[in-house]
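The next block is work24.cif, given as mmCIF, C-alpha atoms.
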```
data_final
loop_
_atom_site.group_PDB
_atom_site.id
_atom_site.type_symbol
_atom_site.label_atom_id
_atom_site.label_comp_id
_atom_site.auth_asym_id
_atom_site.auth_seq_id
_atom_site.Cartn_x
_atom_site.Cartn_y
_atom_site.Cartn_z
ATOM 1 C CA MET B 1 -14.062 -1.838 -11.495
ATOM 2 C CA LYS B 2 -14.229 0.529 -14.427
ATOM 3 C CA ARG B 3 -10.465 1.163 -14.561
ATOM 4 C CA ARG B 4 -9.469 -2.507 -14.523
ATOM 5 C CA SER B 5 -8.509 -2.606 -18.222
ATOM 6 C CA PHE B 6 -6.086 0.279 -17.680
ATOM 7 C CA PHE B 7 -4.494 -1.289 -14.603
ATOM 8 C CA SER B 8 -3.137 -4.348 -16.358
ATOM 9 C CA VAL B 9 -1.422 -2.304 -19.075
ATOM 10 C CA PHE B 10 -0.061 0.353 -16.726
ATOM 11 C CA ALA B 11 1.035 -2.120 -14.065
ATOM 12 C CA VAL B 12 3.275 -3.858 -16.576
ATOM 13 C CA LEU B 13 4.637 -0.554 -17.858
ATOM 14 C CA ALA B 14 5.228 0.790 -14.363
ATOM 15 C CA GLY B 15 6.978 -2.396 -13.327
ATOM 16 C CA ALA B 16 9.191 -2.290 -16.401
ATOM 17 C CA ALA B 17 9.971 1.395 -15.935
ATOM 18 C CA GLY B 18 10.820 1.115 -12.244
ATOM 19 C CA VAL B 19 9.698 3.353 -9.423
ATOM 20 C CA LEU B 20 8.464 6.908 -9.566
ATOM 21 C CA ALA B 21 8.669 8.364 -6.078
ATOM 22 C CA ILE B 22 6.818 11.520 -5.227
ATOM 23 C CA GLY B 23 6.994 13.418 -1.972
ATOM 24 C CA GLY B 24 9.486 11.333 -0.002
ATOM 25 C CA CYS B 25 10.992 13.237 2.896
ATOM 26 C CA LYS B 26 12.381 12.917 6.395
ATOM 27 C CA LYS B 27 9.934 12.876 9.295
ATOM 28 C CA ASN B 28 11.465 16.013 10.832
ATOM 29 C CA ASP B 29 10.847 18.049 7.670
ATOM 30 C CA ALA B 30 9.497 21.483 8.654
ATOM 31 C CA ALA B 31 7.097 21.387 5.701
ATOM 32 C CA ALA B 32 5.276 18.305 7.075
ATOM 33 C CA ALA B 33 2.105 20.342 7.524
ATOM 34 C CA LEU B 34 1.962 20.729 3.738
ATOM 35 C CA TYR B 35 1.463 16.997 3.162
ATOM 36 C CA PRO B 36 -2.122 15.933 2.549
ATOM 37 C CA VAL B 37 -4.059 13.947 5.094
ATOM 38 C CA ALA B 38 -4.575 10.398 3.823
ATOM 39 C CA PRO B 39 -8.175 9.828 2.731
ATOM 40 C CA ALA B 40 -10.130 7.820 5.285
ATOM 41 C CA TRP B 41 -11.469 4.414 4.296
ATOM 42 C CA ARG B 42 -13.502 1.538 5.713
ATOM 43 C CA LEU B 43 -12.991 -1.719 3.835
ATOM 44 C CA LYS B 44 -13.643 -5.403 4.477
ATOM 45 C CA ASP B 45 -10.787 -7.782 5.195
ATOM 46 C CA LEU B 46 -10.721 -11.280 3.703
ATOM 47 C CA GLN B 47 -12.916 -12.573 6.552
ATOM 48 C CA GLY B 48 -15.513 -9.826 6.035
ATOM 49 C CA GLN B 49 -14.519 -7.704 9.048
ATOM 50 C CA ASP B 50 -14.314 -3.913 8.813
ATOM 51 C CA VAL B 51 -10.844 -2.395 8.743
ATOM 52 C CA THR B 52 -10.310 1.371 8.779
ATOM 53 C CA LEU B 53 -7.272 3.534 8.263
ATOM 54 C CA SER B 54 -8.100 5.349 11.509
ATOM 55 C CA GLN B 55 -7.586 2.189 13.584
ATOM 56 C CA PHE B 56 -3.853 2.509 12.816
ATOM 57 C CA LYS B 57 -3.609 6.086 14.158
ATOM 58 C CA GLY B 58 -0.183 6.757 15.659
ATOM 59 C CA LYS B 59 1.530 4.178 13.442
ATOM 60 C CA VAL B 60 3.346 4.488 10.143
ATOM 61 C CA VAL B 61 1.136 2.812 7.538
ATOM 62 C CA ILE B 62 2.124 1.515 4.124
ATOM 63 C CA VAL B 63 -1.032 1.413 1.999
ATOM 64 C CA ASP B 64 -0.375 -0.803 -1.024
ATOM 65 C CA PHE B 65 -2.861 -1.037 -3.913
ATOM 66 C CA TRP B 66 -2.345 -4.343 -5.748
ATOM 67 C CA ALA B 67 -4.010 -7.320 -7.465
ATOM 68 C CA THR B 68 -3.211 -11.012 -7.811
ATOM 69 C CA TRP B 69 -2.963 -10.703 -11.602
ATOM 70 C CA CYS B 70 -0.412 -7.834 -11.415
ATOM 71 C CA ALA B 71 3.104 -9.249 -11.913
ATOM 72 C CA PRO B 72 4.966 -6.245 -10.400
ATOM 73 C CA CYS B 73 2.604 -6.411 -7.393
ATOM 74 C CA ARG B 74 3.369 -10.085 -6.844
ATOM 75 C CA ALA B 75 7.099 -9.456 -7.246
ATOM 76 C CA GLU B 76 7.262 -6.885 -4.434
ATOM 77 C CA MET B 77 5.091 -8.697 -1.881
ATOM 78 C CA PRO B 78 7.967 -10.708 -0.330
ATOM 79 C CA ALA B 79 9.724 -7.381 0.343
ATOM 80 C CA TYR B 80 6.626 -6.131 2.179
ATOM 81 C CA VAL B 81 6.510 -9.322 4.256
ATOM 82 C CA ALA B 82 10.162 -8.709 5.203
ATOM 83 C CA LEU B 83 9.479 -5.023 6.030
ATOM 84 C CA HIS B 84 6.504 -6.024 8.162
ATOM 85 C CA LYS B 85 8.610 -8.488 10.142
ATOM 86 C CA GLN B 86 11.505 -6.040 10.473
ATOM 87 C CA PHE B 87 9.583 -2.934 11.564
ATOM 88 C CA GLU B 88 6.265 -4.072 13.069
ATOM 89 C CA GLU B 89 7.536 -3.667 16.644
ATOM 90 C CA ARG B 90 8.601 -0.089 15.846
ATOM 91 C CA GLY B 91 5.088 0.892 14.755
ATOM 92 C CA LEU B 92 4.877 -0.072 11.070
ATOM 93 C CA VAL B 93 1.644 -1.424 9.636
ATOM 94 C CA ILE B 94 1.291 -2.591 6.049
ATOM 95 C CA VAL B 95 -2.186 -2.826 4.573
ATOM 96 C CA GLY B 96 -2.643 -4.396 1.164
ATOM 97 C CA ILE B 97 -5.705 -3.124 -0.691
ATOM 98 C CA SER B 98 -6.605 -5.781 -3.231
ATOM 99 C CA LEU B 99 -8.349 -4.597 -6.371
ATOM 100 C CA ASP B 100 -9.252 -8.130 -7.489
ATOM 101 C CA ALA B 101 -12.762 -8.509 -8.888
ATOM 102 C CA GLN B 102 -12.801 -12.274 -8.183
ATOM 103 C CA GLY B 103 -13.385 -11.639 -4.494
ATOM 104 C CA PRO B 104 -11.801 -12.452 -1.165
ATOM 105 C CA GLY B 105 -11.653 -16.240 -1.695
ATOM 106 C CA VAL B 106 -9.218 -15.919 -4.590
ATOM 107 C CA VAL B 107 -7.205 -13.285 -2.737
ATOM 108 C CA GLN B 108 -7.046 -15.441 0.421
ATOM 109 C CA LYS B 109 -5.664 -18.422 -1.528
ATOM 110 C CA PHE B 110 -3.070 -16.174 -3.130
ATOM 111 C CA THR B 111 -1.952 -14.489 0.100
ATOM 112 C CA ASP B 112 -1.808 -17.846 1.896
ATOM 113 C CA SER B 113 0.458 -19.219 -0.839
ATOM 114 C CA LEU B 114 2.877 -16.294 -0.354
ATOM 115 C CA GLY B 115 2.769 -16.299 3.437
ATOM 116 C CA ILE B 116 1.476 -12.724 3.655
ATOM 117 C CA THR B 117 1.542 -11.667 7.309
ATOM 118 C CA TYR B 118 -0.018 -8.205 7.080
ATOM 119 C CA PRO B 119 -3.692 -7.189 6.726
ATOM 120 C CA ILE B 120 -5.335 -7.450 3.323
ATOM 121 C CA VAL B 121 -8.597 -5.670 2.540
ATOM 122 C CA MET B 122 -10.780 -5.584 -0.550
ATOM 123 C CA GLY B 123 -10.696 -2.243 -2.363
ATOM 124 C CA ASN B 124 -13.389 -0.496 -4.372
ATOM 125 C CA ASP B 125 -13.793 2.372 -6.813
ATOM 126 C CA GLU B 126 -14.264 4.921 -4.031
ATOM 127 C CA VAL B 127 -10.904 4.232 -2.389
ATOM 128 C CA THR B 128 -9.011 4.108 -5.703
ATOM 129 C CA GLU B 129 -10.569 7.422 -6.697
ATOM 130 C CA ALA B 130 -9.836 9.001 -3.304
ATOM 131 C CA TYR B 131 -6.163 8.013 -3.623
ATOM 132 C CA GLN B 132 -6.106 8.704 -7.385
ATOM 133 C CA VAL B 133 -4.714 5.249 -8.136
ATOM 134 C CA GLN B 134 -4.250 4.717 -11.855
ATOM 135 C CA VAL B 135 -1.401 2.194 -11.907
ATOM 136 C CA MET B 136 -0.678 -0.915 -9.899
ATOM 137 C CA PRO B 137 1.121 -1.290 -7.712
ATOM 138 C CA THR B 138 0.714 2.124 -6.158
ATOM 139 C CA THR B 139 1.898 2.505 -2.596
ATOM 140 C CA PHE B 140 1.538 5.306 -0.066
ATOM 141 C CA VAL B 141 3.469 5.858 3.143
ATOM 142 C CA VAL B 142 1.270 7.513 5.764
ATOM 143 C CA ASP B 143 3.084 8.988 8.755
ATOM 144 C CA ARG B 144 2.047 8.759 12.407
ATOM 145 C CA GLU B 145 -0.005 11.952 12.031
ATOM 146 C CA GLY B 146 -2.022 10.478 9.142
ATOM 147 C CA ARG B 147 -0.341 12.439 6.344
ATOM 148 C CA ILE B 148 0.803 10.998 3.044
ATOM 149 C CA ARG B 149 4.570 11.416 3.022
ATOM 150 C CA HIS B 150 5.566 9.271 0.055
ATOM 151 C CA LYS B 151 3.944 7.814 -3.031
ATOM 152 C CA LYS B 152 5.495 5.010 -5.041
ATOM 153 C CA VAL B 153 4.153 3.993 -8.441
ATOM 154 C CA GLY B 154 5.411 0.634 -9.671
ATOM 155 C CA ALA B 155 7.294 -2.116 -7.893
ATOM 156 C CA ILE B 156 10.093 -1.509 -5.404
ATOM 157 C CA ALA B 157 13.222 -0.821 -7.458
ATOM 158 C CA ASP B 158 15.671 -0.552 -4.567
ATOM 159 C CA GLN B 159 14.574 -2.359 -1.410
ATOM 160 C CA VAL B 160 17.446 -0.983 0.679
ATOM 161 C CA GLU B 161 16.499 2.622 -0.128
ATOM 162 C CA PHE B 162 12.809 1.904 0.535
ATOM 163 C CA GLU B 163 13.728 0.380 3.931
ATOM 164 C CA LYS B 164 15.767 3.499 4.769
ATOM 165 C CA LEU B 165 12.785 5.689 3.847
ATOM 166 C CA ILE B 166 10.431 3.675 6.042
ATOM 167 C CA ALA B 167 12.916 3.669 8.924
ATOM 168 C CA SER B 168 13.140 7.477 8.693
ATOM 169 C CA PHE B 169 9.441 7.721 9.621
ATOM 170 C CA LEU B 170 9.673 5.322 12.522
#
```
Please express the file's structure as structure tokens.
Amino acid sequence: MKRRSFFSVFAVLAGAAGVLAIGGCKKNDAAAALYPVAPAWRLKDLQGQDVTLSQFKGKVVIVDFWATWCAPCRAEMPAYVALHKQFEERGLVIVGISLDAQGPGVVQKFTDSLGITYPIVMGNDEVTEAYQVQVMPTTFVVDREGRIRHKKVGAIADQVEFEKLIASFL
């Protein structure tokens, strides 16, 4: 991945600086039509099966760009496991898009060690460019209509506030 050298530097800086949230809003916001449609993607999960964003239509989807070598990414993953358990029955899906160059075997070992319960797929340059990801972790909240409603750059700074935001879309 051509941006990999930038990710490690920016991921540390973003984690140290906290969260930059862009575009967070309530689901009943009248300006919802102004939010961009999330770029479509088809990526392979850790077992080599296709996963697409469109298969989660009608659900709220957290799309999290991360890597095993990214300390802020690793730090926030237990919070995503907790969110997944808390809100899955209400229509929340979390999809981790790994940007690891070592491949799915390394990622599988890592996710197994953390007890990750949500889908993990292997990212590529096309999806990072489509979402304009420059820093890891970068996380998007996609509403039930497929629109990006929130972007978070860096690790979760306040889990309670992030949970409230997610709950507002469910």
Selected residue of minimal separation from Leu92 in chain B among B:Gln108, B:Pro119, B:Val153, B:Leu170, counting only C-alpha atoms: B:Leu170
Matched chain/residue IDs from the PyMOL selection byres ((chain B and resi 134-138) around 7), as a list of chain:residue names: B:Phe7, B:Phe10, B:Ala11, B:Asp64, B:Phe65, B:Trp66, B:Pro72, B:Cys73, B:Gln132, B:Val133, B:Thr139, B:Phe140, B:Lys152, B:Val153, B:Gly154, B:Ala155
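Distance annotation: of B:Trp69, B:Tyr118, B:Tyr131, B:Phe87, the residue with the minimal separation from Val106 in chain B is B:Trp69; atom set is all atoms listed in the file.
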Nearest candidate to Thr68 in chain B (options B:Ile120, B:Leu34, B:Val142, B:Ile94; using only C-alpha atoms): B:Ile120
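Residue selection for this entry, given the PyMOL selection byres ((chain B and resi 59) around 12), comprises Leu53, Ser54, Gln55, Phe56, Lys57, Gly58, Val60, Val61, Ile62, Phe87, Glu88, Glu89, Arg90, Gly91, Leu92, Val93, Ile94, Val95, Val141, Val142, Asp143, Arg144, Glu145, Gly146, Arg147, Ile166, Phe169 and Leu170 of chain B.
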Would you save the residues of that selection, restricted to C-alpha atoms, as a PDB file, in the frame of the given file?
```
ATOM      1  CA  LEU B  53      -7.272   3.534   8.263  1.00  0.00           C
ATOM      2  CA  SER B  54      -8.100   5.349  11.509  1.00  0.00           C
ATOM      3  CA  GLN B  55      -7.586   2.189  13.584  1.00  0.00           C
ATOM      4  CA  PHE B  56      -3.853   2.509  12.816  1.00  0.00           C
ATOM      5  CA  LYS B  57      -3.609   6.086  14.158  1.00  0.00           C
ATOM      6  CA  GLY B  58      -0.183   6.757  15.659  1.00  0.00           C
ATOM      7  CA  VAL B  60       3.346   4.488  10.143  1.00  0.00           C
ATOM      8  CA  VAL B  61       1.136   2.812   7.538  1.00  0.00           C
ATOM      9  CA  ILE B  62       2.124   1.515   4.124  1.00  0.00           C
ATOM     10  CA  PHE B  87       9.583  -2.934  11.564  1.00  0.00           C
ATOM     11  CA  GLU B  88       6.265  -4.072  13.069  1.00  0.00           C
ATOM     12  CA  GLU B  89       7.536  -3.667  16.644  1.00  0.00           C
ATOM     13  CA  ARG B  90       8.601  -0.089  15.846  1.00  0.00           C
ATOM     14  CA  GLY B  91       5.088   0.892  14.755  1.00  0.00           C
ATOM     15  CA  LEU B  92       4.877  -0.072  11.070  1.00  0.00           C
ATOM     16  CA  VAL B  93       1.644  -1.424   9.636  1.00  0.00           C
ATOM     17  CA  ILE B  94       1.291  -2.591   6.049  1.00  0.00           C
ATOM     18  CA  VAL B  95      -2.186  -2.826   4.573  1.00  0.00           C
ATOM     19  CA  VAL B 141       3.469   5.858   3.143  1.00  0.00           C
ATOM     20  CA  VAL B 142       1.270   7.513   5.764  1.00  0.00           C
ATOM     21  CA  ASP B 143       3.084   8.988   8.755  1.00  0.00           C
ATOM     22  CA  ARG B 144       2.047   8.759  12.407  1.00  0.00           C
ATOM     23  CA  GLU B 145      -0.005  11.952  12.031  1.00  0.00           C
ATOM     24  CA  GLY B 146      -2.022  10.478   9.142  1.00  0.00           C
ATOM     25  CA  ARG B 147      -0.341  12.439   6.344  1.00  0.00           C
ATOM     26  CA  ILE B 166      10.431   3.675   6.042  1.00  0.00           C
ATOM     27  CA  PHE B 169       9.441   7.721   9.621  1.00  0.00           C
ATOM     28  CA  LEU B 170       9.673   5.322  12.522  1.00  0.00           C
TER      29      LEU B 170
END
```
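Across B:Leu114, B:Gln47, B:Pro39, B:Glu126, the tightest approach to Leu99 in chain B is made by B:Glu126 when counting all atoms listed in the file.
The interatomic distance for the pair CA of Ala75 in chain B and CA of Ala157 in chain B works out to 10.6 Å.
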Pairwise distance for CA of Val127 in chain B and CA of Leu165 in chain B, rounded to one decimal in Å: 24.5 Å
Would you write out, as a PDB file with C-alpha atoms, in the coordinates of the input, every residue that the PyMOL selection byres ((chain B and resi 124) around 9) captures in this file?
```pdb
ATOM      1  CA  MET B   1     -14.062  -1.838 -11.495  1.00  0.00           C
ATOM      2  CA  LEU B  43     -12.991  -1.719   3.835  1.00  0.00           C
ATOM      3  CA  ILE B  97      -5.705  -3.124  -0.691  1.00  0.00           C
ATOM      4  CA  SER B  98      -6.605  -5.781  -3.231  1.00  0.00           C
ATOM      5  CA  LEU B  99      -8.349  -4.597  -6.371  1.00  0.00           C
ATOM      6  CA  MET B 122     -10.780  -5.584  -0.550  1.00  0.00           C
ATOM      7  CA  GLY B 123     -10.696  -2.243  -2.363  1.00  0.00           C
ATOM      8  CA  ASP B 125     -13.793   2.372  -6.813  1.00  0.00           C
ATOM      9  CA  GLU B 126     -14.264   4.921  -4.031  1.00  0.00           C
ATOM     10  CA  VAL B 127     -10.904   4.232  -2.389  1.00  0.00           C
ATOM     11  CA  THR B 128      -9.011   4.108  -5.703  1.00  0.00           C
ATOM     12  CA  GLU B 129     -10.569   7.422  -6.697  1.00  0.00           C
TER      13      GLU B 129
END
```
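The space separating CA of Leu46 in chain B from CA of Gly103 in chain B comes to 8.6 Å.
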Nearest candidate to Tyr80 in chain B (options B:Ile116, B:Glu161, B:Gln49, B:Gln102; using all atoms listed in the file): B:Ile116
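Each of B:Tyr35, B:Ala71, B:Val51, B:Ala79 was compared to Gly115 in chain B using only C-alpha atoms, and B:Ala79 turns out to be the nearest.
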